[in-house]
Structure formats: structure tokens, C-alpha cells
Amino acid sequence: MNVIRTELPDVLILEPKVFGDPRGFFLESYNARTFAEKTGIHLPFVQDNHSRSARGVLRGLHYQIQHPQGKLLRVGGGEVFDVALDIRKHSPTFGHAVWVNISAENKRILWVPPGFAHGFLVLSESADVFYKTTDYYAPEHERTIRWNDPELAIPWPLQGLTPTLSAKDQRGLNLRDAEVFP
């Protein structure tokens, strides 16, 4: 596994070893020992999730103010523009975001640590996103930062599309008004 540090050093792009032949390919999407050795991260994963979304669906920017979740994400079908936003008030990178395309084709895996908000936009006809979390889903603690907060200036590649949002994502707050981590 190759580990790529992003502009936000706690957010990592992981490139697994892919073994291909005329039949297809094999890759190990997660191995606790390898993950810990390569990243230095020793957090347990307690929940696996799978979302399927259509082109133009934008999910996020989500986080849990209590029971924060680290997320290890990969795309099993399609492609997404994935965003991680540092919302740790005392972090030197507070309010900064990184984005990366992850797809079934590039087979990249993204580590979004606890203390970050996360979201993605589906670029393909549909996308299946699989992610492991380091804490359980706690809807009473879930918060949403507005995807198009002008101060964040995230360059969502909408290409003239109006994103499809859930009701909770439509009610997201700008970062300056949101409850964040100390």
C-alpha cells in the first residue's frame, strides 16, 4: 500500500496494491496490521457502511460533534469528488479542505480522521461508496456544514448541474456558525 499525504497531513490517500490479470483484479481494501504500520493510525473500525447515489447527488459536509467518526472510504462503482474539511478549532489547518477524486477505476482509498467534516459529489451515472467508521452513527450528534459556504470556496465540479441534496444538507450551516471541535 502506498500512502500519500495531502495538504492536510492528517488526511491520507491510500493506494492499495492491485494484482490484475486477464480474469480481472484482486486488491486488499483493508488490513488492520498494514493500515497501522503504514499510517501510524491505531483506531478500531466498528461499522461498515455502503451508500449508492445518482449523478449530481451531493452528500455533506457531515460530522458528529460527539462520537466523532474517522472514515476510511473507497468507491466500488463509479466516481466521486470527495472532500475533507478540518473543523478542529485549535488546528493550524482549521477551516481548510482537501479534495480528491476517488473511483472504482483508480481504486484509491481516503482516510478522513475524526475532527473533520466529510462530503462527496457523485460524478458518474451512479456511485457506490463503502466506508468504515471508527465510531457508531449517532444521529442526535450529527451536524452539517453548508456544502457551498462561500468562505470555504470548495471547487465542486458541478459543470452546470444543480446538486441533489437531502433536507438536512439543505439546512447546513456555514462553518463560522457551526458547532466545531475544540
# chains A, B, ... in the order shown; residues from 1 in each chain; ligands from 1
>>> select_by_dssp(residues="range 26-157 of chain A", states="alpha helix (DSSP H)", output="list in words")
Ala32, Arg33, Thr34, Phe35, Ala36, Glu37, Lys38 and Thr39 of chain A
>>> select_by_dssp(residues="range 26-152 of chain A", states="strand (DSSP E or B)", output="MDAnalysis selection string")
chainID A and resid 26:27 47:54 57:64 71:77 79:86 88 97:103 109:112 116:122 126:133 142:145
>>> closest_residue(among="A:Pro182, A:Gly119, A:Gly40, A:Gly172", to="Val57 in chain A", atoms="only C-alpha atoms")
A:Gly119
>>> residues_around(residues="Pro16 in chain A", least_positions_apart="5", cutoff="8 Å", atoms="only C-alpha atoms", output="list of chain:residue names")
A:Met1, A:Asn2, A:Leu27, A:Glu28, A:Ser29, A:Lys107, A:Arg108, A:Ile109
>>> write_last_selection(atoms="N, CA and C atoms", output="PDB file, in the first residue's frame")
ATOM      1  N   MET A   1       0.839  -1.176   0.000  1.00  0.00           N
ATOM      2  CA  MET A   1       0.000   0.000   0.000  1.00  0.00           C
ATOM      3  C   MET A   1       0.883   1.238   0.000  1.00  0.00           C
ATOM      4  N   ASN A   2       0.552   2.153  -0.893  1.00  0.00           N
ATOM      5  CA  ASN A   2       1.248   3.428  -0.958  1.00  0.00           C
ATOM      6  C   ASN A   2       0.403   4.467  -0.214  1.00  0.00           C
ATOM      7  N   LEU A  27      -7.527  -6.866  -4.925  1.00  0.00           N
ATOM      8  CA  LEU A  27      -6.839  -5.932  -4.038  1.00  0.00           C
ATOM      9  C   LEU A  27      -7.340  -6.150  -2.621  1.00  0.00           C
ATOM     10  N   GLU A  28      -6.473  -5.854  -1.690  1.00  0.00           N
ATOM     11  CA  GLU A  28      -6.853  -5.914  -0.278  1.00  0.00           C
ATOM     12  C   GLU A  28      -7.272  -4.507   0.102  1.00  0.00           C
ATOM     13  N   SER A  29      -8.578  -4.299   0.348  1.00  0.00           N
ATOM     14  CA  SER A  29      -9.072  -2.952   0.640  1.00  0.00           C
ATOM     15  C   SER A  29      -8.800  -2.539   2.085  1.00  0.00           C
ATOM     16  N   LYS A 107      -9.130   3.149  -7.767  1.00  0.00           N
ATOM     17  CA  LYS A 107      -9.062   2.261  -6.595  1.00  0.00           C
ATOM     18  C   LYS A 107      -8.450   2.927  -5.358  1.00  0.00           C
ATOM     19  N   ARG A 108      -8.427   4.255  -5.345  1.00  0.00           N
ATOM     20  CA  ARG A 108      -7.892   4.957  -4.182  1.00  0.00           C
ATOM     21  C   ARG A 108      -8.829   4.821  -2.986  1.00  0.00           C
ATOM     22  N   ILE A 109      -8.232   4.908  -1.816  1.00  0.00           N
ATOM     23  CA  ILE A 109      -8.959   4.851  -0.549  1.00  0.00           C
ATOM     24  C   ILE A 109      -8.606   6.127   0.200  1.00  0.00           C
TER      25      ILE A 109
END
>>> residues_around(residues="Lys38 in chain A", least_positions_apart="6", cutoff="12 Å", atoms="only C-alpha atoms", output="list in words")
Met1, Asn2, Val3, Ile4, Arg5, Leu12, Ile13, Leu14, Glu15, Pro16, Tyr30, Asn31 and Ala32 of chain A
>>> write_last_selection(atoms="C-alpha atoms", output="mmCIF file, in the first residue's frame")
data_model
loop_
_atom_site.group_PDB
_atom_site.id
_atom_site.type_symbol
_atom_site.label_atom_id
_atom_site.label_comp_id
_atom_site.auth_asym_id
_atom_site.auth_seq_id
_atom_site.Cartn_x
_atom_site.Cartn_y
_atom_site.Cartn_z
ATOM 1 C CA MET A 1 0.000 0.000 0.000
ATOM 2 C CA ASN A 2 1.248 3.428 -0.958
ATOM 3 C CA VAL A 3 0.344 6.294 1.426
ATOM 4 C CA ILE A 4 0.028 9.818 0.003
ATOM 5 C CA ARG A 5 -0.096 12.719 2.437
ATOM 6 C CA LEU A 12 -4.416 10.388 3.651
ATOM 7 C CA ILE A 13 -4.874 8.886 0.216
ATOM 8 C CA LEU A 14 -4.117 5.175 0.181
ATOM 9 C CA GLU A 15 -3.272 3.292 -2.967
ATOM 10 C CA PRO A 16 -3.601 -0.456 -2.458
ATOM 11 C CA TYR A 30 -8.299 -3.163 4.364
ATOM 12 C CA ASN A 31 -5.846 -4.977 6.591
ATOM 13 C CA ALA A 32 -5.607 -3.730 10.192
#
